[in-house]
Amino acid sequence: MLKETLIKAVETGAAIMKEYFDQSFIISNKEGINNLVTEVDHKSEEAIFKVIKEQFPEHYILSEEAGEIIQDSNYKWIIDPIDGTVNYANRIPICCVSIGIEKDGKMILGAVYNPFIGELFFAEKGKGATLNNKTIHVSNKADVKTSCLVTGFPYTYLDEANGPLQVFDKLIRKGVPVRRLGSAAIDLCWVAMGRFDGFYEHQLQAWDSAAGFLMVEEAGGKVTDLTGKYYNPYQHGIIATNGKIHDELLNVINGGNL
Ligand code: IPD
Ligand code: CA
Ligand code: CA
């Protein structure tokens, strides 16, 4: 029932994203000038909550726009009602609903759905990852120089050593293709299915990566924080790769040469 409800929840949110995509909707700023939230983020979130509460009214929920519904439960739903809001607000169809479910503090299920290209990713701890019900695997690339990478940048510029621009600069100067799609959840799913060999980002929130990091692990990849240690989605930095390029990319991100 948990899996069915999770799938229904992402499908419900995604249907709302699709319904409003070609209509006018209100866009507001959260903080900074381009950290946006749309009316549709809230509608998607409300509809997702309704689906979950019908089946599991006692579960804990952490969601980007509404915050936390704290309950004494072993289960926690971590929700991004639209991941890729800036894309959505500009009618760029690279955006999705992303939901992860933790049990006793461990991610056990994840689903990411981009309704615009009809891609539904699903992962279950210990049971693998799928795209539209077909098993997916990470790529086989063995070095960073021949890899195709993806990253994202925070809404507020991070001025620090080995920050997002310095790492980007180093990779680009060596001719490594580094894409920037604008949806961390999709970035992670595309690593899981092998379109990208690796993803890194310096400042994510739990709802951005909850489902996607499980997807990469279950597709045979590796996910750590920016120091190479065990990843949990409450940390801000992430490196997610096919496993083969992980140490090399980790070294570059920490100031090493390529
Ligand atoms: C953002 C996207 C983006 C990433 C940002 C996130 P939002 O989430 O995932 O790719 O670079 O760090 O905040 O705001 O569109 O839900
Ligand atoms: Ca997000
Ligand atoms: Ca969001």
# chains A, B, ... in the order shown; residues from 1 in each chain; ligands from 1
>>> residues_near_ligand(ligand="ligand 3", cutoff="10 Å", atoms="only C-alpha atoms and all ligand atoms", output="list in words")
Asn35, Leu36, Val37, Thr38, Asp41, His42, Glu45, Ser63, Glu64, Glu65, Ile79, Asp80, Pro81, Ile82, Asp83, Gly84, Thr85, Val86, Tyr88, Cys95, Cys96, Val97, Ser98, Ser183, Ala184, Ala185, Gln205, Trp207 and Asp208 of chain A
>>> closest_atom_pairs(of="stretch 58-166 of chain A", to="stretch 242-255 of chain A", cutoff="9 Å", atoms="only C-alpha atoms", output="tab-separated table")
residue	atom	partner	partner_atom	distance
A:His137	CA	A:Asn242	CA	8.6
A:Val138	CA	A:Asn242	CA	5.2
A:Ser139	CA	A:Asn242	CA	5.8
A:Asn140	CA	A:Asn242	CA	6.9
A:Lys141	CA	A:Lys244	CA	6.9
A:Ala142	CA	A:Lys244	CA	5.2
A:Asp143	CA	A:Ile245	CA	5.3
A:Val144	CA	A:Ile245	CA	5.9
A:Ser147	CA	A:Ile245	CA	8.4
A:Ala161	CA	A:Gly255	CA	8.3
A:Asn162	CA	A:Gly255	CA	6.0
A:Gly163	CA	A:Ile253	CA	8.3
A:Pro164	CA	A:Ile253	CA	8.8
A:Gln166	CA	A:Ile253	CA	8.7
>>> residues_around(residues="A:Ala47", least_positions_apart="2", cutoff="9 Å", atoms="only C-alpha atoms", output="ChimeraX atom specification")
/A:9,12-13,16,42-45,49-52
>>> residues_around(residues="A:Tyr113", least_positions_apart="5", cutoff="8 Å", atoms="only C-alpha atoms", output="PyMOL selection string")
chain A and resi 10-11+14+96-98+118-121
>>> write_last_selection(atoms="all heavy atoms", output="PDB file, in the first residue's frame")
ATOM      1  N   VAL A  10       2.826  10.997  -6.504  1.00  0.00           N
ATOM      2  CA  VAL A  10       3.613  11.716  -7.539  1.00  0.00           C
ATOM      3  C   VAL A  10       2.763  11.939  -8.790  1.00  0.00           C
ATOM      4  O   VAL A  10       2.851  12.984  -9.443  1.00  0.00           O
ATOM      5  CB  VAL A  10       4.965  11.046  -7.909  1.00  0.00           C
ATOM      6  CG1 VAL A  10       5.984  11.170  -6.805  1.00  0.00           C
ATOM      7  CG2 VAL A  10       4.853   9.620  -8.379  1.00  0.00           C
ATOM      8  N   GLU A  11       1.918  10.978  -9.115  1.00  0.00           N
ATOM      9  CA  GLU A  11       1.065  11.148 -10.299  1.00  0.00           C
ATOM     10  C   GLU A  11       0.069  12.294 -10.104  1.00  0.00           C
ATOM     11  O   GLU A  11      -0.194  13.062 -11.027  1.00  0.00           O
ATOM     12  CB  GLU A  11       0.310   9.849 -10.596  1.00  0.00           C
ATOM     13  CG  GLU A  11       1.224   8.805 -11.221  1.00  0.00           C
ATOM     14  CD  GLU A  11       0.535   7.457 -11.487  1.00  0.00           C
ATOM     15  OE1 GLU A  11      -0.573   7.223 -10.962  1.00  0.00           O
ATOM     16  OE2 GLU A  11       1.132   6.635 -12.194  1.00  0.00           O
ATOM     17  N   ALA A  14       1.956  15.577 -10.356  1.00  0.00           N
ATOM     18  CA  ALA A  14       2.389  15.779 -11.748  1.00  0.00           C
ATOM     19  C   ALA A  14       1.208  16.156 -12.652  1.00  0.00           C
ATOM     20  O   ALA A  14       1.360  16.963 -13.583  1.00  0.00           O
ATOM     21  CB  ALA A  14       3.072  14.512 -12.255  1.00  0.00           C
ATOM     22  N   CYS A  96       9.689  18.211 -12.122  1.00  0.00           N
ATOM     23  CA  CYS A  96       9.082  16.947 -11.681  1.00  0.00           C
ATOM     24  C   CYS A  96       8.504  17.074 -10.284  1.00  0.00           C
ATOM     25  O   CYS A  96       8.715  18.068  -9.602  1.00  0.00           O
ATOM     26  CB  CYS A  96      10.175  15.870 -11.664  1.00  0.00           C
ATOM     27  SG  CYS A  96      11.504  16.263 -10.489  1.00  0.00           S
ATOM     28  N   VAL A  97       7.824  16.024  -9.878  1.00  0.00           N
ATOM     29  CA  VAL A  97       7.475  15.850  -8.465  1.00  0.00           C
ATOM     30  C   VAL A  97       8.463  14.821  -7.919  1.00  0.00           C
ATOM     31  O   VAL A  97       8.752  13.826  -8.591  1.00  0.00           O
ATOM     32  CB  VAL A  97       6.044  15.292  -8.303  1.00  0.00           C
ATOM     33  CG1 VAL A  97       5.730  15.055  -6.826  1.00  0.00           C
ATOM     34  CG2 VAL A  97       5.022  16.236  -8.916  1.00  0.00           C
ATOM     35  N   SER A  98       8.954  15.051  -6.718  1.00  0.00           N
ATOM     36  CA  SER A  98       9.908  14.110  -6.119  1.00  0.00           C
ATOM     37  C   SER A  98       9.488  13.803  -4.686  1.00  0.00           C
ATOM     38  O   SER A  98       9.274  14.723  -3.893  1.00  0.00           O
ATOM     39  CB  SER A  98      11.307  14.745  -6.143  1.00  0.00           C
ATOM     40  OG  SER A  98      12.202  13.954  -5.393  1.00  0.00           O
ATOM     41  N   GLY A 118       7.027  12.079 -19.715  1.00  0.00           N
ATOM     42  CA  GLY A 118       6.470  10.772 -19.339  1.00  0.00           C
ATOM     43  C   GLY A 118       7.485   9.842 -18.700  1.00  0.00           C
ATOM     44  O   GLY A 118       7.526   8.655 -19.012  1.00  0.00           O
ATOM     45  N   GLU A 119       8.313  10.368 -17.803  1.00  0.00           N
ATOM     46  CA  GLU A 119       9.300   9.509 -17.136  1.00  0.00           C
ATOM     47  C   GLU A 119       8.989   9.390 -15.646  1.00  0.00           C
ATOM     48  O   GLU A 119       9.061  10.381 -14.906  1.00  0.00           O
ATOM     49  CB  GLU A 119      10.721  10.041 -17.368  1.00  0.00           C
ATOM     50  CG  GLU A 119      11.130   9.927 -18.836  1.00  0.00           C
ATOM     51  CD  GLU A 119      12.617  10.155 -19.097  1.00  0.00           C
ATOM     52  OE1 GLU A 119      13.297  10.762 -18.254  1.00  0.00           O
ATOM     53  OE2 GLU A 119      13.075   9.722 -20.169  1.00  0.00           O
ATOM     54  N   LEU A 120       8.660   8.168 -15.248  1.00  0.00           N
ATOM     55  CA  LEU A 120       8.379   7.882 -13.837  1.00  0.00           C
ATOM     56  C   LEU A 120       9.472   6.957 -13.301  1.00  0.00           C
ATOM     57  O   LEU A 120       9.598   5.805 -13.728  1.00  0.00           O
ATOM     58  CB  LEU A 120       7.006   7.218 -13.686  1.00  0.00           C
ATOM     59  CG  LEU A 120       6.654   6.688 -12.299  1.00  0.00           C
ATOM     60  CD1 LEU A 120       6.703   7.769 -11.226  1.00  0.00           C
ATOM     61  CD2 LEU A 120       5.262   6.059 -12.301  1.00  0.00           C
ATOM     62  N   PHE A 121      10.274   7.500 -12.413  1.00  0.00           N
ATOM     63  CA  PHE A 121      11.360   6.728 -11.786  1.00  0.00           C
ATOM     64  C   PHE A 121      10.891   6.244 -10.420  1.00  0.00           C
ATOM     65  O   PHE A 121      10.222   6.984  -9.686  1.00  0.00           O
ATOM     66  CB  PHE A 121      12.597   7.609 -11.590  1.00  0.00           C
ATOM     67  CG  PHE A 121      13.256   8.034 -12.872  1.00  0.00           C
ATOM     68  CD1 PHE A 121      12.859   9.183 -13.539  1.00  0.00           C
ATOM     69  CD2 PHE A 121      14.292   7.289 -13.417  1.00  0.00           C
ATOM     70  CE1 PHE A 121      13.461   9.591 -14.724  1.00  0.00           C
ATOM     71  CE2 PHE A 121      14.915   7.681 -14.596  1.00  0.00           C
ATOM     72  CZ  PHE A 121      14.500   8.839 -15.254  1.00  0.00           C
TER      73      PHE A 121
END
>>> closest_residue(among="A:Lys145, A:Lys222, A:Lys3, A:Lys170", to="A:Gly100", atoms="only C-alpha atoms")
A:Lys3
